[in-house]
file start25.pdb (PDB, C-alpha atoms, pLDDT in the B column)
ATOM      1  CA  MET A   1      -0.434  15.914  -6.849  1.00 67.00           C
ATOM      2  CA  LYS A   2      -0.612  19.709  -6.519  1.00 76.00           C
ATOM      3  CA  ASN A   3      -2.433  19.967  -9.859  1.00 94.00           C
ATOM      4  CA  LEU A   4      -4.885  17.286  -8.743  1.00 96.00           C
ATOM      5  CA  GLU A   5      -5.527  19.124  -5.464  1.00 97.00           C
ATOM      6  CA  LYS A   6      -6.401  22.271  -7.409  1.00 97.00           C
ATOM      7  CA  GLU A   7      -8.547  20.436  -9.956  1.00 97.00           C
ATOM      8  CA  ILE A   8     -10.615  18.722  -7.269  1.00 98.00           C
ATOM      9  CA  ALA A   9     -10.917  22.005  -5.350  1.00 98.00           C
ATOM     10  CA  LYS A  10     -12.225  23.694  -8.506  1.00 97.00           C
ATOM     11  CA  ASP A  11     -14.709  20.874  -8.995  1.00 98.00           C
ATOM     12  CA  LEU A  12     -16.005  21.085  -5.426  1.00 98.00           C
ATOM     13  CA  LEU A  13     -16.406  24.850  -5.607  1.00 98.00           C
ATOM     14  CA  SER A  14     -18.074  24.737  -9.029  1.00 97.00           C
ATOM     15  CA  ILE A  15     -20.933  22.504  -7.814  1.00 98.00           C
ATOM     16  CA  GLN A  16     -21.182  24.267  -4.441  1.00 97.00           C
ATOM     17  CA  ALA A  17     -20.143  21.144  -2.550  1.00 98.00           C
ATOM     18  CA  ILE A  18     -18.023  23.606  -0.580  1.00 97.00           C
ATOM     19  CA  PHE A  19     -19.266  27.009   0.543  1.00 94.00           C
ATOM     20  CA  LEU A  20     -17.024  29.774   1.888  1.00 96.00           C
ATOM     21  CA  ARG A  21     -18.832  32.321   4.057  1.00 94.00           C
ATOM     22  CA  PRO A  22     -16.297  34.106   6.296  1.00 93.00           C
ATOM     23  CA  ASP A  23     -18.704  36.960   7.079  1.00 92.00           C
ATOM     24  CA  GLU A  24     -21.727  34.756   7.806  1.00 94.00           C
ATOM     25  CA  PRO A  25     -20.455  31.598   9.521  1.00 94.00           C
ATOM     26  CA  PHE A  26     -22.107  28.223   9.415  1.00 95.00           C
ATOM     27  CA  ILE A  27     -22.724  26.315  12.641  1.00 93.00           C
ATOM     28  CA  TRP A  28     -21.499  22.719  12.633  1.00 88.00           C
ATOM     29  CA  ALA A  29     -23.292  19.959  14.556  1.00 83.00           C
ATOM     30  CA  SER A  30     -20.560  20.281  17.194  1.00 83.00           C
ATOM     31  CA  GLY A  31     -21.532  23.924  17.739  1.00 89.00           C
ATOM     32  CA  ILE A  32     -18.365  25.267  16.115  1.00 89.00           C
ATOM     33  CA  LYS A  33     -18.899  28.384  14.019  1.00 93.00           C
ATOM     34  CA  SER A  34     -17.193  27.915  10.688  1.00 95.00           C
ATOM     35  CA  PRO A  35     -16.522  30.036   7.588  1.00 96.00           C
ATOM     36  CA  ILE A  36     -16.526  26.870   5.462  1.00 96.00           C
ATOM     37  CA  TYR A  37     -19.074  24.146   4.891  1.00 95.00           C
ATOM     38  CA  CYS A  38     -18.462  20.977   2.909  1.00 96.00           C
ATOM     39  CA  ASP A  39     -21.179  18.654   1.577  1.00 96.00           C
ATOM     40  CA  ASN A  40     -19.504  16.138  -0.703  1.00 96.00           C
ATOM     41  CA  ARG A  41     -22.790  14.282  -1.182  1.00 96.00           C
ATOM     42  CA  LEU A  42     -23.419  16.836  -3.921  1.00 97.00           C
ATOM     43  CA  THR A  43     -20.648  15.226  -5.967  1.00 98.00           C
ATOM     44  CA  LEU A  44     -22.967  12.266  -6.517  1.00 97.00           C
ATOM     45  CA  THR A  45     -25.426  14.427  -8.461  1.00 97.00           C
ATOM     46  CA  ALA A  46     -22.738  15.991 -10.667  1.00 98.00           C
ATOM     47  CA  PRO A  47     -21.660  13.208 -13.079  1.00 98.00           C
ATOM     48  CA  GLU A  48     -18.563  14.911 -14.505  1.00 98.00           C
ATOM     49  CA  VAL A  49     -17.228  15.891 -11.078  1.00 98.00           C
ATOM     50  CA  ARG A  50     -18.160  12.491  -9.676  1.00 98.00           C
ATOM     51  CA  THR A  51     -16.205  10.752 -12.436  1.00 98.00           C
ATOM     52  CA  ASN A  52     -13.151  12.943 -11.839  1.00 98.00           C
ATOM     53  CA  ILE A  53     -13.250  12.154  -8.120  1.00 98.00           C
ATOM     54  CA  GLU A  54     -13.763   8.396  -8.501  1.00 98.00           C
ATOM     55  CA  ASN A  55     -11.005   8.097 -11.117  1.00 98.00           C
ATOM     56  CA  ALA A  56      -8.648  10.086  -8.908  1.00 98.00           C
ATOM     57  CA  LEU A  57      -9.467   7.897  -5.906  1.00 98.00           C
ATOM     58  CA  VAL A  58      -8.827   4.771  -7.979  1.00 98.00           C
ATOM     59  CA  GLU A  59      -5.398   6.057  -9.025  1.00 98.00           C
ATOM     60  CA  THR A  60      -4.628   7.134  -5.459  1.00 98.00           C
ATOM     61  CA  ILE A  61      -5.474   3.692  -4.091  1.00 98.00           C
ATOM     62  CA  LYS A  62      -3.435   1.947  -6.789  1.00 98.00           C
ATOM     63  CA  SER A  63      -0.372   4.065  -6.043  1.00 98.00           C
ATOM     64  CA  GLU A  64      -0.625   4.423  -2.255  1.00 98.00           C
ATOM     65  CA  TYR A  65      -2.266   1.117  -1.275  1.00 98.00           C
ATOM     66  CA  PRO A  66      -1.385  -1.403  -4.010  1.00 98.00           C
ATOM     67  CA  ASP A  67      -2.007  -4.404  -1.720  1.00 98.00           C
ATOM     68  CA  VAL A  68      -5.632  -3.510  -0.979  1.00 98.00           C
ATOM     69  CA  GLU A  69      -8.067  -6.433  -0.889  1.00 98.00           C
ATOM     70  CA  VAL A  70     -11.286  -4.815   0.382  1.00 98.00           C
ATOM     71  CA  LEU A  71     -12.774  -1.313   0.354  1.00 98.00           C
ATOM     72  CA  MET A  72     -14.850  -0.142   3.318  1.00 98.00           C
ATOM     73  CA  GLY A  73     -16.957   3.005   3.136  1.00 98.00           C
ATOM     74  CA  THR A  74     -17.771   5.215   6.092  1.00 96.00           C
ATOM     75  CA  SER A  75     -21.442   5.621   6.923  1.00 93.00           C
ATOM     76  CA  THR A  76     -23.086   7.252   5.180  1.00 92.00           C
ATOM     77  CA  ALA A  77     -21.275   9.580   2.795  1.00 94.00           C
ATOM     78  CA  GLY A  78     -18.383   7.230   2.053  1.00 96.00           C
ATOM     79  CA  ILE A  79     -20.610   4.320   1.024  1.00 97.00           C
ATOM     80  CA  PRO A  80     -21.515   5.335  -2.566  1.00 97.00           C
ATOM     81  CA  HIS A  81     -17.938   6.318  -3.358  1.00 98.00           C
ATOM     82  CA  ALA A  82     -16.661   2.999  -2.025  1.00 98.00           C
ATOM     83  CA  ALA A  83     -19.227   1.168  -4.176  1.00 98.00           C
ATOM     84  CA  ILE A  84     -18.265   3.013  -7.366  1.00 98.00           C
ATOM     85  CA  ILE A  85     -14.538   2.558  -6.768  1.00 98.00           C
ATOM     86  CA  ALA A  86     -14.966  -1.117  -5.892  1.00 98.00           C
ATOM     87  CA  ASP A  87     -16.756  -1.618  -9.192  1.00 98.00           C
ATOM     88  CA  LYS A  88     -13.997   0.153 -11.112  1.00 98.00           C
ATOM     89  CA  MET A  89     -11.287  -1.861  -9.346  1.00 98.00           C
ATOM     90  CA  ASN A  90     -13.191  -5.150  -9.228  1.00 98.00           C
ATOM     91  CA  LEU A  91     -12.783  -5.329  -5.450  1.00 98.00           C
ATOM     92  CA  PRO A  92     -15.135  -6.459  -2.688  1.00 98.00           C
ATOM     93  CA  MET A  93     -16.755  -3.632  -0.760  1.00 98.00           C
ATOM     94  CA  GLY A  94     -18.610  -3.097   2.480  1.00 98.00           C
ATOM     95  CA  TYR A  95     -19.227  -0.333   4.970  1.00 97.00           C
ATOM     96  CA  VAL A  96     -19.081   0.421   8.671  1.00 96.00           C
ATOM     97  CA  ARG A  97     -22.145   1.658  10.520  1.00 91.00           C
ATOM     98  CA  GLY A  98     -21.963   4.421  13.101  1.00 72.00           C
ATOM     99  CA  SER A  99     -23.105   1.839  15.648  1.00 65.00           C
ATOM    100  CA  SER A 100     -24.203  -1.789  15.700  1.00 59.00           C
ATOM    101  CA  LYS A 101     -27.727  -2.631  14.576  1.00 47.00           C
ATOM    102  CA  ASP A 102     -30.160  -3.409  17.372  1.00 48.00           C
ATOM    103  CA  HIS A 103     -31.756  -6.258  15.419  1.00 49.00           C
ATOM    104  CA  GLY A 104     -30.879  -9.238  13.239  1.00 45.00           C
ATOM    105  CA  ARG A 105     -27.197 -10.133  13.463  1.00 55.00           C
ATOM    106  CA  LYS A 106     -26.471  -6.751  15.100  1.00 61.00           C
ATOM    107  CA  ASN A 107     -23.722  -6.024  12.604  1.00 81.00           C
ATOM    108  CA  GLN A 108     -21.648  -2.886  12.627  1.00 92.00           C
ATOM    109  CA  ILE A 109     -19.592  -3.984   9.644  1.00 95.00           C
ATOM    110  CA  GLU A 110     -21.751  -4.716   6.594  1.00 95.00           C
ATOM    111  CA  GLY A 111     -20.289  -6.969   3.930  1.00 95.00           C
ATOM    112  CA  LYS A 112     -17.970  -9.945   4.222  1.00 95.00           C
ATOM    113  CA  LEU A 113     -14.649  -9.241   5.929  1.00 96.00           C
ATOM    114  CA  GLU A 114     -12.110 -11.940   6.721  1.00 96.00           C
ATOM    115  CA  LYS A 115      -9.512 -11.586   9.450  1.00 97.00           C
ATOM    116  CA  GLY A 116      -6.207 -10.414   8.052  1.00 98.00           C
ATOM    117  CA  GLN A 117      -7.660  -8.845   4.915  1.00 98.00           C
ATOM    118  CA  LYS A 118      -6.029  -5.615   3.790  1.00 98.00           C
ATOM    119  CA  VAL A 119      -8.569  -2.784   3.874  1.00 98.00           C
ATOM    120  CA  VAL A 120      -8.680   0.799   2.598  1.00 98.00           C
ATOM    121  CA  VAL A 121     -11.315   3.059   4.152  1.00 98.00           C
ATOM    122  CA  ILE A 122     -13.151   5.437   1.806  1.00 98.00           C
ATOM    123  CA  GLU A 123     -14.155   8.732   3.427  1.00 98.00           C
ATOM    124  CA  ASP A 124     -15.648  11.859   1.886  1.00 97.00           C
ATOM    125  CA  LEU A 125     -14.466  14.466   4.395  1.00 97.00           C
ATOM    126  CA  ILE A 126     -11.992  14.662   7.262  1.00 96.00           C
ATOM    127  CA  SER A 127     -12.424  17.476   9.768  1.00 92.00           C
ATOM    128  CA  THR A 128     -11.212  16.562  13.266  1.00 91.00           C
ATOM    129  CA  GLY A 129     -10.661  12.917  12.307  1.00 94.00           C
ATOM    130  CA  GLY A 130     -12.689  11.424  15.141  1.00 93.00           C
ATOM    131  CA  SER A 131     -15.350   9.574  13.141  1.00 93.00           C
ATOM    132  CA  VAL A 132     -13.007   7.953  10.629  1.00 96.00           C
ATOM    133  CA  ILE A 133     -10.670   6.811  13.408  1.00 96.00           C
ATOM    134  CA  GLU A 134     -13.652   5.081  15.035  1.00 95.00           C
ATOM    135  CA  VAL A 135     -14.277   3.265  11.742  1.00 96.00           C
ATOM    136  CA  VAL A 136     -10.655   2.156  11.542  1.00 97.00           C
ATOM    137  CA  ASN A 137     -10.782   0.909  15.140  1.00 95.00           C
ATOM    138  CA  VAL A 138     -13.911  -1.153  14.423  1.00 95.00           C
ATOM    139  CA  LEU A 139     -12.186  -2.753  11.432  1.00 97.00           C
ATOM    140  CA  ARG A 140      -9.024  -3.439  13.388  1.00 97.00           C
ATOM    141  CA  GLU A 141     -11.011  -5.028  16.199  1.00 95.00           C
ATOM    142  CA  ALA A 142     -12.584  -7.312  13.579  1.00 95.00           C
ATOM    143  CA  GLY A 143      -9.102  -8.465  12.571  1.00 97.00           C
ATOM    144  CA  ALA A 144      -8.626  -6.404   9.411  1.00 98.00           C
ATOM    145  CA  GLU A 145      -5.301  -4.882   8.442  1.00 98.00           C
ATOM    146  CA  VAL A 146      -6.202  -1.290   7.665  1.00 98.00           C
ATOM    147  CA  LEU A 147      -3.724   0.064   5.139  1.00 98.00           C
ATOM    148  CA  GLY A 148      -5.112   3.572   5.416  1.00 98.00           C
ATOM    149  CA  ILE A 149      -7.760   6.043   4.283  1.00 98.00           C
ATOM    150  CA  ALA A 150      -8.502   7.527   0.864  1.00 98.00           C
ATOM    151  CA  SER A 151     -10.616  10.670   1.206  1.00 98.00           C
ATOM    152  CA  ILE A 152     -11.954  13.419  -1.018  1.00 98.00           C
ATOM    153  CA  PHE A 153     -11.214  16.464   1.146  1.00 98.00           C
ATOM    154  CA  THR A 154      -9.532  17.381   4.412  1.00 97.00           C
ATOM    155  CA  TYR A 155      -9.612  20.619   6.386  1.00 96.00           C
ATOM    156  CA  ASN A 156      -5.947  19.990   7.286  1.00 95.00           C
ATOM    157  CA  MET A 157      -6.660  20.707  10.947  1.00 95.00           C
ATOM    158  CA  GLN A 158      -3.779  20.004  13.305  1.00 94.00           C
ATOM    159  CA  LYS A 159      -6.152  18.086  15.559  1.00 93.00           C
ATOM    160  CA  SER A 160      -6.920  15.587  12.807  1.00 95.00           C
ATOM    161  CA  LYS A 161      -3.248  15.247  11.893  1.00 96.00           C
ATOM    162  CA  ASP A 162      -2.338  14.543  15.519  1.00 96.00           C
ATOM    163  CA  ARG A 163      -5.188  12.083  15.980  1.00 97.00           C
ATOM    164  CA  LEU A 164      -4.342  10.148  12.828  1.00 98.00           C
ATOM    165  CA  PHE A 165      -0.669  10.067  13.750  1.00 97.00           C
ATOM    166  CA  ASP A 166      -1.396   8.826  17.271  1.00 97.00           C
ATOM    167  CA  ALA A 167      -3.680   6.115  15.879  1.00 97.00           C
ATOM    168  CA  ASN A 168      -1.046   5.135  13.287  1.00 97.00           C
ATOM    169  CA  ILE A 169      -3.401   5.768  10.377  1.00 98.00           C
ATOM    170  CA  LYS A 170      -2.325   7.001   6.959  1.00 98.00           C
ATOM    171  CA  ASN A 171      -4.672   9.316   5.059  1.00 98.00           C
ATOM    172  CA  ILE A 172      -4.405  10.511   1.489  1.00 98.00           C
ATOM    173  CA  SER A 173      -6.882  13.236   0.467  1.00 98.00           C
ATOM    174  CA  LEU A 174      -7.490  14.345  -3.099  1.00 98.00           C
ATOM    175  CA  SER A 175      -7.716  17.991  -2.017  1.00 98.00           C
ATOM    176  CA  ASN A 176      -7.407  20.084   1.103  1.00 97.00           C
ATOM    177  CA  PHE A 177      -8.190  23.374   2.793  1.00 97.00           C
ATOM    178  CA  ASP A 178      -5.033  25.172   1.625  1.00 96.00           C
ATOM    179  CA  ALA A 179      -5.455  24.210  -2.032  1.00 97.00           C
ATOM    180  CA  LEU A 180      -9.114  25.198  -1.860  1.00 97.00           C
ATOM    181  CA  ILE A 181      -8.417  28.660  -0.447  1.00 97.00           C
ATOM    182  CA  ASN A 182      -5.833  29.340  -3.164  1.00 96.00           C
ATOM    183  CA  VAL A 183      -8.281  28.293  -5.879  1.00 97.00           C
ATOM    184  CA  ALA A 184     -11.128  30.259  -4.283  1.00 97.00           C
ATOM    185  CA  VAL A 185      -9.073  33.471  -4.451  1.00 97.00           C
ATOM    186  CA  GLU A 186      -7.864  32.784  -7.994  1.00 97.00           C
ATOM    187  CA  GLU A 187     -11.392  32.047  -9.219  1.00 96.00           C
ATOM    188  CA  GLY A 188     -13.009  34.978  -7.388  1.00 96.00           C
ATOM    189  CA  TYR A 189     -15.091  33.019  -4.872  1.00 95.00           C
ATOM    190  CA  ILE A 190     -13.585  35.097  -2.046  1.00 96.00           C
ATOM    191  CA  SER A 191     -11.426  38.208  -1.885  1.00 96.00           C
ATOM    192  CA  LYS A 192      -7.816  37.944  -0.787  1.00 95.00           C
ATOM    193  CA  ASP A 193      -8.470  39.989   2.363  1.00 94.00           C
ATOM    194  CA  LYS A 194     -10.657  37.127   3.723  1.00 95.00           C
ATOM    195  CA  VAL A 195      -7.856  34.545   3.629  1.00 95.00           C
ATOM    196  CA  ASP A 196      -6.441  35.411   7.059  1.00 94.00           C
ATOM    197  CA  LYS A 197      -9.838  34.762   8.683  1.00 94.00           C
ATOM    198  CA  LEU A 198     -10.087  31.374   7.007  1.00 96.00           C
ATOM    199  CA  ILE A 199      -6.555  30.376   7.986  1.00 95.00           C
ATOM    200  CA  ALA A 200      -7.125  31.521  11.586  1.00 95.00           C
ATOM    201  CA  PHE A 201     -10.222  29.333  11.778  1.00 95.00           C
ATOM    202  CA  ARG A 202      -8.402  26.316  10.351  1.00 95.00           C
ATOM    203  CA  ASN A 203      -5.544  26.753  12.805  1.00 94.00           C
ATOM    204  CA  ASN A 204      -7.833  26.921  15.865  1.00 93.00           C
ATOM    205  CA  PRO A 205     -11.540  26.226  15.168  1.00 92.00           C
ATOM    206  CA  SER A 206     -12.526  26.595  18.834  1.00 90.00           C
ATOM    207  CA  ASP A 207     -11.184  30.168  18.987  1.00 93.00           C
ATOM    208  CA  GLU A 208     -13.878  32.450  17.562  1.00 93.00           C
ATOM    209  CA  SER A 209     -11.617  35.494  17.438  1.00 94.00           C
ATOM    210  CA  TRP A 210     -11.204  34.896  13.682  1.00 94.00           C
ATOM    211  CA  MET A 211     -14.690  36.383  13.259  1.00 92.00           C
ATOM    212  CA  LYS A 212     -13.642  39.790  14.556  1.00 84.00           C
TER     213      LYS A 212
END

call {"tool": "encode", "arguments": {"input": "start25.pdb", "output": "structure tokens"}}
result
Amino acid sequence: MKNLEKEIAKDLLSIQAIFLRPDEPFIWASGIKSPIYCDNRLTLTAPEVRTNIENALVETIKSEYPDVEVLMGTSTAGIPHAAIIADKMNLPMGYVRGSSKDHGRKNQIEGKLEKGQKVVVIEDLISTGGSVIEVVNVLREAGAEVLGIASIFTYNMQKSKDRLFDANIKNISLSNFDALINVAVEEGYISKDKVDKLIAFRNNPSDESWMK
């Protein structure tokens, strides 16, 4: 697993799906200033990286969630990955909207889902965990048995770990913040003296003292 974490981290860095900018922070939608920015949508336009990720997710699901019956993507970034994996595994697939439609059947879950079906949620990125937990709750309320989440990358924030634990949700990510930082130093994306800033941010994103 450690080799896979490093391989996926290398892939994400190589196509600039992840940027590290400890001296010029990004601003997330939440207002948090961050030295890291992840856009896994870029994996879709990099065929070799995309194939590595989808194959790794297939193997992860087979080993961690062998009883899966349906894949559900998160809206919107998880949807294409769920579709590709479903095709590879010959499984039904759907996705969960951020909110119910205001027209038609007013669905929030798109695709056929029977009560009691065993579901794995496909997510591209886990930061604080809030959005993917909402997806799981929607599926549970619809009667699904959610086996867990398969995701591409996690920031490994304690907040997300606590939230997932409290919600009784298992998550398996192909790569994570710690593996990425190690690879970034080894490959020369950042200098070793920047690591402490990155770790300080990960440990407490709301505390901006890491920037000093």

call {"tool": "resolve_selection", "arguments": {"input": "start25.pdb", "expression": "the PyMOL selection byres ((chain A and resi 7) around 12)", "output": "PyMOL selection string"}}
result
chain A and resi 1-6+8-14+49+52-53+56+152+174-176+179-180+182-184+187

call {"tool": "resolve_selection", "arguments": {"input": "start25.pdb", "expression": "the PyMOL selection byres ((chain A and resi 145) around 10)", "output": "PyMOL selection string"}}
result
chain A and resi 68-69+114-120+136+139-144+146-148

call {"tool": "residues_near_point", "arguments": {"input": "start25.pdb", "point": "(-8.8, 12.4, 15.1)", "cutoff": "9 Å", "atoms": "all atoms listed in the file", "output": "PyMOL selection string"}}
result
chain A and resi 126-134+159-167

call {"tool": "write_last_selection", "arguments": {"input": "start25.pdb", "atoms": "C-alpha atoms", "output": "mmCIF file, in the coordinates of the input"}}
result
data_model
loop_
_atom_site.group_PDB
_atom_site.id
_atom_site.type_symbol
_atom_site.label_atom_id
_atom_site.label_comp_id
_atom_site.auth_asym_id
_atom_site.auth_seq_id
_atom_site.Cartn_x
_atom_site.Cartn_y
_atom_site.Cartn_z
ATOM 1 C CA ILE A 126 -11.992 14.662 7.262
ATOM 2 C CA SER A 127 -12.424 17.476 9.768
ATOM 3 C CA THR A 128 -11.212 16.562 13.266
ATOM 4 C CA GLY A 129 -10.661 12.917 12.307
ATOM 5 C CA GLY A 130 -12.689 11.424 15.141
ATOM 6 C CA SER A 131 -15.350 9.574 13.141
ATOM 7 C CA VAL A 132 -13.007 7.953 10.629
ATOM 8 C CA ILE A 133 -10.670 6.811 13.408
ATOM 9 C CA GLU A 134 -13.652 5.081 15.035
ATOM 10 C CA LYS A 159 -6.152 18.086 15.559
ATOM 11 C CA SER A 160 -6.920 15.587 12.807
ATOM 12 C CA LYS A 161 -3.248 15.247 11.893
ATOM 13 C CA ASP A 162 -2.338 14.543 15.519
ATOM 14 C CA ARG A 163 -5.188 12.083 15.980
ATOM 15 C CA LEU A 164 -4.342 10.148 12.828
ATOM 16 C CA PHE A 165 -0.669 10.067 13.750
ATOM 17 C CA ASP A 166 -1.396 8.826 17.271
ATOM 18 C CA ALA A 167 -3.680 6.115 15.879
#

call {"tool": "resolve_selection", "arguments": {"input": "start25.pdb", "expression": "the PyMOL selection byres ((chain A and resi 202) around 12)", "output": "PyMOL selection string"}}
result
chain A and resi 22+32-36+127-128+154-160+176-178+181+195-201+203-208+210

call {"tool": "closest_residue", "arguments": {"input": "start25.pdb", "among": "A:Met93, A:Ile79, A:Val138, A:Ile61", "to": "Asp124 (chain A)", "atoms": "all atoms listed in the file"}}
result
A:Ile79

call {"tool": "atom_distance", "arguments": {"input": "start25.pdb", "atom1": "CA of Arg41 (chain A)", "atom2": "CA of Ile190 (chain A)"}}
result
22.8 Å

call {"tool": "atom_distance", "arguments": {"input": "start25.pdb", "atom1": "CA of Glu123 (chain A)", "atom2": "CA of Ala150 (chain A)"}}
result
6.3 Å

call {"tool": "closest_residue", "arguments": {"input": "start25.pdb", "among": "A:Ile172, A:Met72, A:Met89, A:Leu125", "to": "Phe153 (chain A)", "atoms": "all atoms listed in the file"}}
result
A:Leu125

call {"tool": "atom_distance", "arguments": {"input": "start25.pdb", "atom1": "CA of Lys112 (chain A)", "atom2": "CA of Val58 (chain A)"}}
result
21.2 Å

call {"tool": "closest_residue", "arguments": {"input": "start25.pdb", "among": "A:Ala86, A:Trp28, A:Asn40, A:Leu71", "to": "Gln16 (chain A)", "atoms": "all atoms listed in the file"}}
result
A:Asn40

call {"tool": "closest_residue", "arguments": {"input": "start25.pdb", "among": "A:Gly111, A:Glu59, A:Asp67, A:Ser151", "to": "His81 (chain A)", "atoms": "all atoms listed in the file"}}
result
A:Ser151

call {"tool": "closest_residue", "arguments": {"input": "start25.pdb", "among": "A:Ala17, A:Ile27, A:Ala83, A:Leu57", "to": "Thr43 (chain A)", "atoms": "only C-alpha atoms"}}
result
A:Ala17

call {"tool": "closest_residue", "arguments": {"input": "start25.pdb", "among": "A:Thr51, A:Ser75, A:Asn90, A:Ser209", "to": "Ile109 (chain A)", "atoms": "all atoms listed in the file"}}
result
A:Ser75

call {"tool": "build_atoms", "arguments": {"input": "start25.pdb", "residues": "region 69-86 of chain A", "atoms": "N, CA, C and O atoms", "output": "CSV table (one decimal), in the frame of the given file"}}
result
chain,number,residue,atom,x,y,z
A,69,GLU,N,-7.2,-5.3,-0.6
A,69,GLU,CA,-8.1,-6.4,-0.9
A,69,GLU,C,-9.6,-6.1,-0.7
A,69,GLU,O,-10.4,-6.8,-1.4
A,70,VAL,N,-9.9,-5.2,0.1
A,70,VAL,CA,-11.3,-4.8,0.4
A,70,VAL,C,-11.4,-3.3,0.6
A,70,VAL,O,-10.5,-2.7,1.2
A,71,LEU,N,-12.5,-2.7,0.1
A,71,LEU,CA,-12.8,-1.3,0.4
A,71,LEU,C,-13.9,-1.2,1.4
A,71,LEU,O,-14.9,-2.0,1.2
A,72,MET,N,-13.8,-0.3,2.3
A,72,MET,CA,-14.8,-0.1,3.3
A,72,MET,C,-15.2,1.3,3.4
A,72,MET,O,-14.4,2.2,3.6
A,73,GLY,N,-16.5,1.6,3.1
A,73,GLY,CA,-17.0,3.0,3.1
A,73,GLY,C,-17.4,3.4,4.5
A,73,GLY,O,-17.8,2.6,5.3
A,74,THR,N,-17.3,4.7,4.8
A,74,THR,CA,-17.8,5.2,6.1
A,74,THR,C,-19.3,5.5,5.9
A,74,THR,O,-19.7,6.0,4.8
A,75,SER,N,-20.0,5.4,7.0
A,75,SER,CA,-21.4,5.6,6.9
A,75,SER,C,-21.7,7.1,7.3
A,75,SER,O,-21.2,7.6,8.2
A,76,THR,N,-22.5,7.8,6.4
A,76,THR,CA,-23.1,7.3,5.2
A,76,THR,C,-22.4,7.8,3.9
A,76,THR,O,-22.5,7.2,2.8
A,77,ALA,N,-21.7,8.9,4.0
A,77,ALA,CA,-21.3,9.6,2.8
A,77,ALA,C,-20.2,8.8,2.0
A,77,ALA,O,-20.0,9.0,0.8
A,78,GLY,N,-19.4,8.0,2.7
A,78,GLY,CA,-18.4,7.2,2.1
A,78,GLY,C,-18.9,6.0,1.3
A,78,GLY,O,-18.2,5.5,0.4
A,79,ILE,N,-20.1,5.6,1.6
A,79,ILE,CA,-20.6,4.3,1.0
A,79,ILE,C,-20.7,4.4,-0.5
A,79,ILE,O,-20.2,3.5,-1.2
A,80,PRO,N,-21.4,5.4,-1.1
A,80,PRO,CA,-21.5,5.3,-2.6
A,80,PRO,C,-20.2,5.4,-3.3
A,80,PRO,O,-20.0,4.8,-4.3
A,81,HIS,N,-19.3,6.2,-2.7
A,81,HIS,CA,-17.9,6.3,-3.4
A,81,HIS,C,-17.2,5.0,-3.3
A,81,HIS,O,-16.6,4.6,-4.3
A,82,ALA,N,-17.3,4.3,-2.2
A,82,ALA,CA,-16.7,3.0,-2.0
A,82,ALA,C,-17.3,2.0,-3.0
A,82,ALA,O,-16.5,1.2,-3.6
A,83,ALA,N,-18.6,2.1,-3.2
A,83,ALA,CA,-19.2,1.2,-4.2
A,83,ALA,C,-18.8,1.4,-5.6
A,83,ALA,O,-18.5,0.5,-6.4
A,84,ILE,N,-18.7,2.7,-6.0
A,84,ILE,CA,-18.3,3.0,-7.4
A,84,ILE,C,-16.8,2.6,-7.6
A,84,ILE,O,-16.5,2.0,-8.6
A,85,ILE,N,-16.0,2.9,-6.6
A,85,ILE,CA,-14.5,2.6,-6.8
A,85,ILE,C,-14.3,1.0,-6.8
A,85,ILE,O,-13.5,0.5,-7.6
A,86,ALA,N,-15.1,0.3,-5.9
A,86,ALA,CA,-15.0,-1.1,-5.9
A,86,ALA,C,-15.3,-1.7,-7.2
A,86,ALA,O,-14.7,-2.7,-7.7
